[in-house]
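The structure appears right after this line, and notes come after that.
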Amino acid sequence: MTGTRSWRRAAGALTVGLLAALVAAGCGSSSDDAGSSTAEQATPPEAAGDKAAGGTAQDGGAAQTGGNTPAKAPDKLPPDERSIIYTGTITVEPDNVNTAADSAVSIARTAGGLVGGDNRSVTETRAEARVTLRVPADKFTSVVGDLAKLGKETGREIKTEDVTEQVVDVTSRIATAQASVERVRALLARATALGEIVSLEAEVAKREAELESLKARLNKLTSLTAMSTITAVFVKDTSGKATPSDKDPSGFLAGLSSGWNSFTDSLQVLLTVLGALLPWFLALGLPALLLMAVLRRTAARRTPLPGTPFTGSPLTGTPASAPAAASADD
């Protein structure tokens, strides 16, 4: 009896222990399920989206899933993607100014550019040509180098202006202005009152004018960055620098040429003097000649005829009085 009771007690204790273990295991799994459900409910949609996408922490994944990722500063643009305006001026002394200017025009057109201006002047002491060229920005350096080979380079000035920020700003303002115009047009399409329609039409016209102004500014910046400006100046001094071929020759022809030059120079001086004296001759000489002619004519009238004795006074030229008649007695 005693052994049977002991076995029963042991079996009962083992049964109670097994039941307690089963109850504890069930409570543990329930608490785990509840904790998992609570964690899923507390997880925000952004985190859930990240988890569904594989839990990546890259910038592209965060942007696509809408994660609350801190903004990242934009990377600097490489030099070839920036908007830069190139301008240059080069001065060259060639052997022939016109030939060099024509060559510069040909160089620009070969590079895909065009001529913006061509001014040439030739005097007795100086020959000059100023050619303004517009060439693609990627050909700027090569064109300047080709121009320097047209003669002796005496000056060069290169300038660059970075307008990347201006281009970005104008592009952004164009997008904003375009959206603003579309919104006002949508309101105008739904307007019914006359006053509202007139007001909206005026607003549309105003905003469209601003949009066109921004587009024109962007086009100008784009043109300046796409086509660079080069001013080529060709100058040659012709004020008497003698070359070996310009030396004076010798011999009969040299003497003849020298004598003819002296004759023409003297004749030119004589004509210059006569031209300077002619006004004085007309102003003073003609009246003097007329006066002399009048005096000569007057003197000729007073002069006695040939063969007639002159008995007058040699000083006054008046004839003497006739002798008294002889008396009757004589």
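Please note that chains go A, B, ... in the order of the structure tokens, that every chain numbers its residues from 1, and that ligands are numbered from 1 in the order shown.
Near stretch 153-161 of chain A, within a cut-off of 6 Å and counting only C-alpha atoms, sit the residues Ile84, Ile85, Tyr86, Thr87, Gly88, Thr89, Ile90, Thr91, Val92 and Ala148 of chain A, with same-chain residues fewer than 4 positions away left out.
Near A:Glu210, within 12 Å and counting only C-alpha atoms, sit Val170, Arg173, Ile174, Ala175, Thr176, Ala177, Gln178, Ser180, Val181, Glu203, Val204, Ala205, Lys206, Arg207, Ser213, Leu214, Lys215, Ala216 and Arg217 of chain A; same-chain residues fewer than 3 positions away were not included.
Nearest residue to A:Val143, choosing from A:Ala104, A:Val269, A:Leu221, A:Leu253 and counting only C-alpha atoms: A:Ala104.
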Do a neighbour search on A:Asp138 at 10 Å with only C-alpha atoms, toss out local chain neighbours closer than 6 positions, and write the hits as a ChimeraX atom specification.
/A:80,86,111,226-228
When DSSP is applied to the backbone of this structure, which of stretch 73-250 of chain A are assigned strand (DSSP E or B)? Write them out as a PyMOL selection string.
chain A and resi 84-93+114-122+126-136+152-162+227-237
Can you tell me, as number ranges by chain, what residues are no more than 10 Å from A:Ala108 when counting only C-alpha atoms, ignoring any on the same chain fewer than 2 positions away?
A: 103-106, 110-115, 132-136, 139-140, 143-144, 146-147, 230
Expected file contents, prior selection, C-alpha atoms, as a compact mmCIF listing (two decimals), in the first residue's frame:
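After the write, selection25.txt holds the following:
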```txt
# COMPACT_ATOMS: atom_id res chain seq x y z
CA SER A 103 42.28 83.92 -93.29
CA ALA A 104 40.70 84.66 -89.90
CA VAL A 105 37.23 84.56 -91.44
CA SER A 106 38.06 81.23 -93.08
CA THR A 110 35.86 76.06 -90.75
CA ALA A 111 35.40 75.70 -86.98
CA GLY A 112 31.63 76.04 -87.38
CA GLY A 113 31.44 79.69 -86.41
CA LEU A 114 30.42 82.91 -88.09
CA VAL A 115 31.57 86.50 -88.58
CA THR A 132 34.75 89.83 -84.65
CA LEU A 133 34.29 86.06 -84.74
CA ARG A 134 31.70 83.81 -83.06
CA VAL A 135 32.93 80.23 -82.68
CA PRO A 136 31.72 77.18 -80.69
CA LYS A 139 36.77 75.33 -80.42
CA PHE A 140 37.70 78.57 -78.64
CA VAL A 143 40.81 79.06 -83.01
CA VAL A 144 42.83 81.50 -80.89
CA ASP A 146 45.29 79.44 -85.32
CA LEU A 147 44.83 83.22 -85.32
CA ILE A 230 36.89 86.39 -80.38
```
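Taking only C-alpha atoms, the non-local environment of A:Arg126 within 8 Å (same-chain residues fewer than 3 positions away omitted) comprises Val122, Thr123, Val235, Lys236, Asp237, Thr238 and Ser239 of chain A.
The two atoms in question, atom CA of A:Leu218 and atom CA of A:Leu188, are spaced 28.2 Å apart.
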